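Before any comments, here is the structure.
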Amino acid sequence: MSEQADVCYTFEGALEMAISMENDGFRSYLTALRIVKSKQARAVLKDAAFDELAHKYELEKALVGGHITEGDLLQPLPTMNLDSVLAKKELRPDSDAREALAYSIHLENAAISFYKKMAGACAGAPMGKLMERLVADESRHLQQLEDLYEQHFMTEN
């Protein structure tokens, strides 16, 4: 994923960085879709890729329109932090839905880290709010992925 210094960007610069981040995520999912054969794993990856495209499209509209619409979420949603217990592995042709979900969880966490770093660099500036909203949006998607992982792959004690 993209890396940047602790710098607060202009509105356009911040949006360009975010668009690049979403594009990198989409490309990662697209590459994974070209590798993985499992129908269930491919479904997980397709949904995640479409989510990245939706984020990217919203950001591109904001870049063209000069402003971003308010989102439903203002604060990040709590997550289970499954990335800390799930192995980060490259996907293979025989990867299953569990591995695809773990892969997606790691990608979403990378996006959250990226946006948190940018929000911190822009604390108090208008771009800080934009980055905080992107953290909240990504946390929503991460929570959905973790809920799906919990529902299908975590046993109750």
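Letters for chains follow the order of the structure tokens (A, B, ...), residue numbers begin at 1 for each chain, and ligand numbers begin at 1 in the order shown.
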
Polymer residues at most 12 Å from Lys39 in chain A, only C-alpha atoms, same-chain spacing of 2 or more positions, as an NGL selection string: :A and (33 or 35-37 or 41-46 or 93-97 or 100)

DSSP on the backbone: which residues in range 15-104 of chain A end up as helix (DSSP H, G or I)? Give the answer as a PDB file with C-alpha atoms, in the first residue's frame.
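Output (selection.pdb):
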```
ATOM      1  CA  LEU A  15      -8.190  13.104  -1.880  1.00  0.00           C
ATOM      2  CA  GLU A  16      -5.521  12.075  -4.398  1.00  0.00           C
ATOM      3  CA  MET A  17      -3.716  10.126  -1.646  1.00  0.00           C
ATOM      4  CA  ALA A  18      -6.975   8.468  -0.576  1.00  0.00           C
ATOM      5  CA  ILE A  19      -7.898   7.621  -4.177  1.00  0.00           C
ATOM      6  CA  SER A  20      -4.457   6.081  -4.636  1.00  0.00           C
ATOM      7  CA  MET A  21      -4.930   4.053  -1.440  1.00  0.00           C
ATOM      8  CA  GLU A  22      -8.330   2.759  -2.589  1.00  0.00           C
ATOM      9  CA  ASN A  23      -6.924   1.961  -6.028  1.00  0.00           C
ATOM     10  CA  ASP A  24      -4.049   0.018  -4.448  1.00  0.00           C
ATOM     11  CA  GLY A  25      -6.586  -1.962  -2.420  1.00  0.00           C
ATOM     12  CA  PHE A  26      -8.698  -2.646  -5.495  1.00  0.00           C
ATOM     13  CA  ARG A  27      -5.623  -3.780  -7.439  1.00  0.00           C
ATOM     14  CA  SER A  28      -4.663  -6.131  -4.595  1.00  0.00           C
ATOM     15  CA  TYR A  29      -8.124  -7.718  -4.724  1.00  0.00           C
ATOM     16  CA  LEU A  30      -8.013  -7.913  -8.516  1.00  0.00           C
ATOM     17  CA  THR A  31      -4.642  -9.677  -8.377  1.00  0.00           C
ATOM     18  CA  ALA A  32      -6.022 -12.080  -5.766  1.00  0.00           C
ATOM     19  CA  LEU A  33      -9.058 -12.800  -7.955  1.00  0.00           C
ATOM     20  CA  ARG A  34      -6.723 -13.797 -10.770  1.00  0.00           C
ATOM     21  CA  ILE A  35      -5.040 -16.326  -8.473  1.00  0.00           C
ATOM     22  CA  LYS A  39     -15.920 -19.963  -5.673  1.00  0.00           C
ATOM     23  CA  GLN A  40     -16.489 -18.873  -2.055  1.00  0.00           C
ATOM     24  CA  ALA A  41     -13.080 -17.211  -1.777  1.00  0.00           C
ATOM     25  CA  ARG A  42     -13.655 -15.403  -5.050  1.00  0.00           C
ATOM     26  CA  ALA A  43     -17.026 -14.141  -3.773  1.00  0.00           C
ATOM     27  CA  VAL A  44     -15.338 -12.665  -0.679  1.00  0.00           C
ATOM     28  CA  LEU A  45     -12.681 -10.998  -2.798  1.00  0.00           C
ATOM     29  CA  LYS A  46     -15.204  -9.643  -5.338  1.00  0.00           C
ATOM     30  CA  ASP A  47     -17.315  -8.049  -2.609  1.00  0.00           C
ATOM     31  CA  ALA A  48     -14.222  -6.452  -1.091  1.00  0.00           C
ATOM     32  CA  ALA A  49     -13.073  -5.207  -4.512  1.00  0.00           C
ATOM     33  CA  PHE A  50     -16.483  -3.652  -5.168  1.00  0.00           C
ATOM     34  CA  ASP A  51     -16.305  -1.922  -1.779  1.00  0.00           C
ATOM     35  CA  GLU A  52     -12.921  -0.430  -2.737  1.00  0.00           C
ATOM     36  CA  LEU A  53     -14.355   0.752  -6.055  1.00  0.00           C
ATOM     37  CA  ALA A  54     -17.296   2.406  -4.272  1.00  0.00           C
ATOM     38  CA  HIS A  55     -14.915   4.254  -1.933  1.00  0.00           C
ATOM     39  CA  LYS A  56     -12.721   5.307  -4.838  1.00  0.00           C
ATOM     40  CA  TYR A  57     -15.730   6.532  -6.832  1.00  0.00           C
ATOM     41  CA  GLU A  58     -16.990   8.596  -3.895  1.00  0.00           C
ATOM     42  CA  LEU A  59     -13.549  10.152  -3.473  1.00  0.00           C
ATOM     43  CA  GLU A  60     -13.247  10.896  -7.192  1.00  0.00           C
ATOM     44  CA  LYS A  61     -16.671  12.592  -7.143  1.00  0.00           C
ATOM     45  CA  ALA A  62     -15.462  14.719  -4.232  1.00  0.00           C
ATOM     46  CA  LEU A  63     -12.320  15.631  -6.161  1.00  0.00           C
ATOM     47  CA  VAL A  64     -14.376  16.757  -9.157  1.00  0.00           C
ATOM     48  CA  GLY A  65     -17.073  18.468  -7.066  1.00  0.00           C
ATOM     49  CA  LEU A  82      -8.464 -10.208  14.091  1.00  0.00           C
ATOM     50  CA  ASP A  83      -5.482  -9.071  12.042  1.00  0.00           C
ATOM     51  CA  SER A  84      -3.348  -9.590  15.145  1.00  0.00           C
ATOM     52  CA  ALA A  97     -12.862 -18.423   1.877  1.00  0.00           C
ATOM     53  CA  ARG A  98     -11.229 -18.355   5.308  1.00  0.00           C
ATOM     54  CA  GLU A  99      -7.887 -17.338   3.814  1.00  0.00           C
ATOM     55  CA  ALA A 100      -9.587 -14.809   1.532  1.00  0.00           C
ATOM     56  CA  LEU A 101     -11.307 -13.223   4.526  1.00  0.00           C
ATOM     57  CA  ALA A 102      -8.046 -13.104   6.478  1.00  0.00           C
ATOM     58  CA  TYR A 103      -6.358 -11.487   3.457  1.00  0.00           C
ATOM     59  CA  SER A 104      -9.167  -8.919   3.202  1.00  0.00           C
TER      60      SER A 104
END
```

Atom-to-atom span, CA of Gln143 in chain A and CA of Lys116 in chain A, Å: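 For CA of Gln143 in chain A relative to CA of Lys116 in chain A, the distance reads 16.3 Å.
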
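In this structure, CA of Glu108 in chain A sits 7.5 Å away from CA of His141 in chain A.
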
Two-atom distance - CA of Ser139 in chain A, CA of Val7 in chain A (Å): 22.5 Å
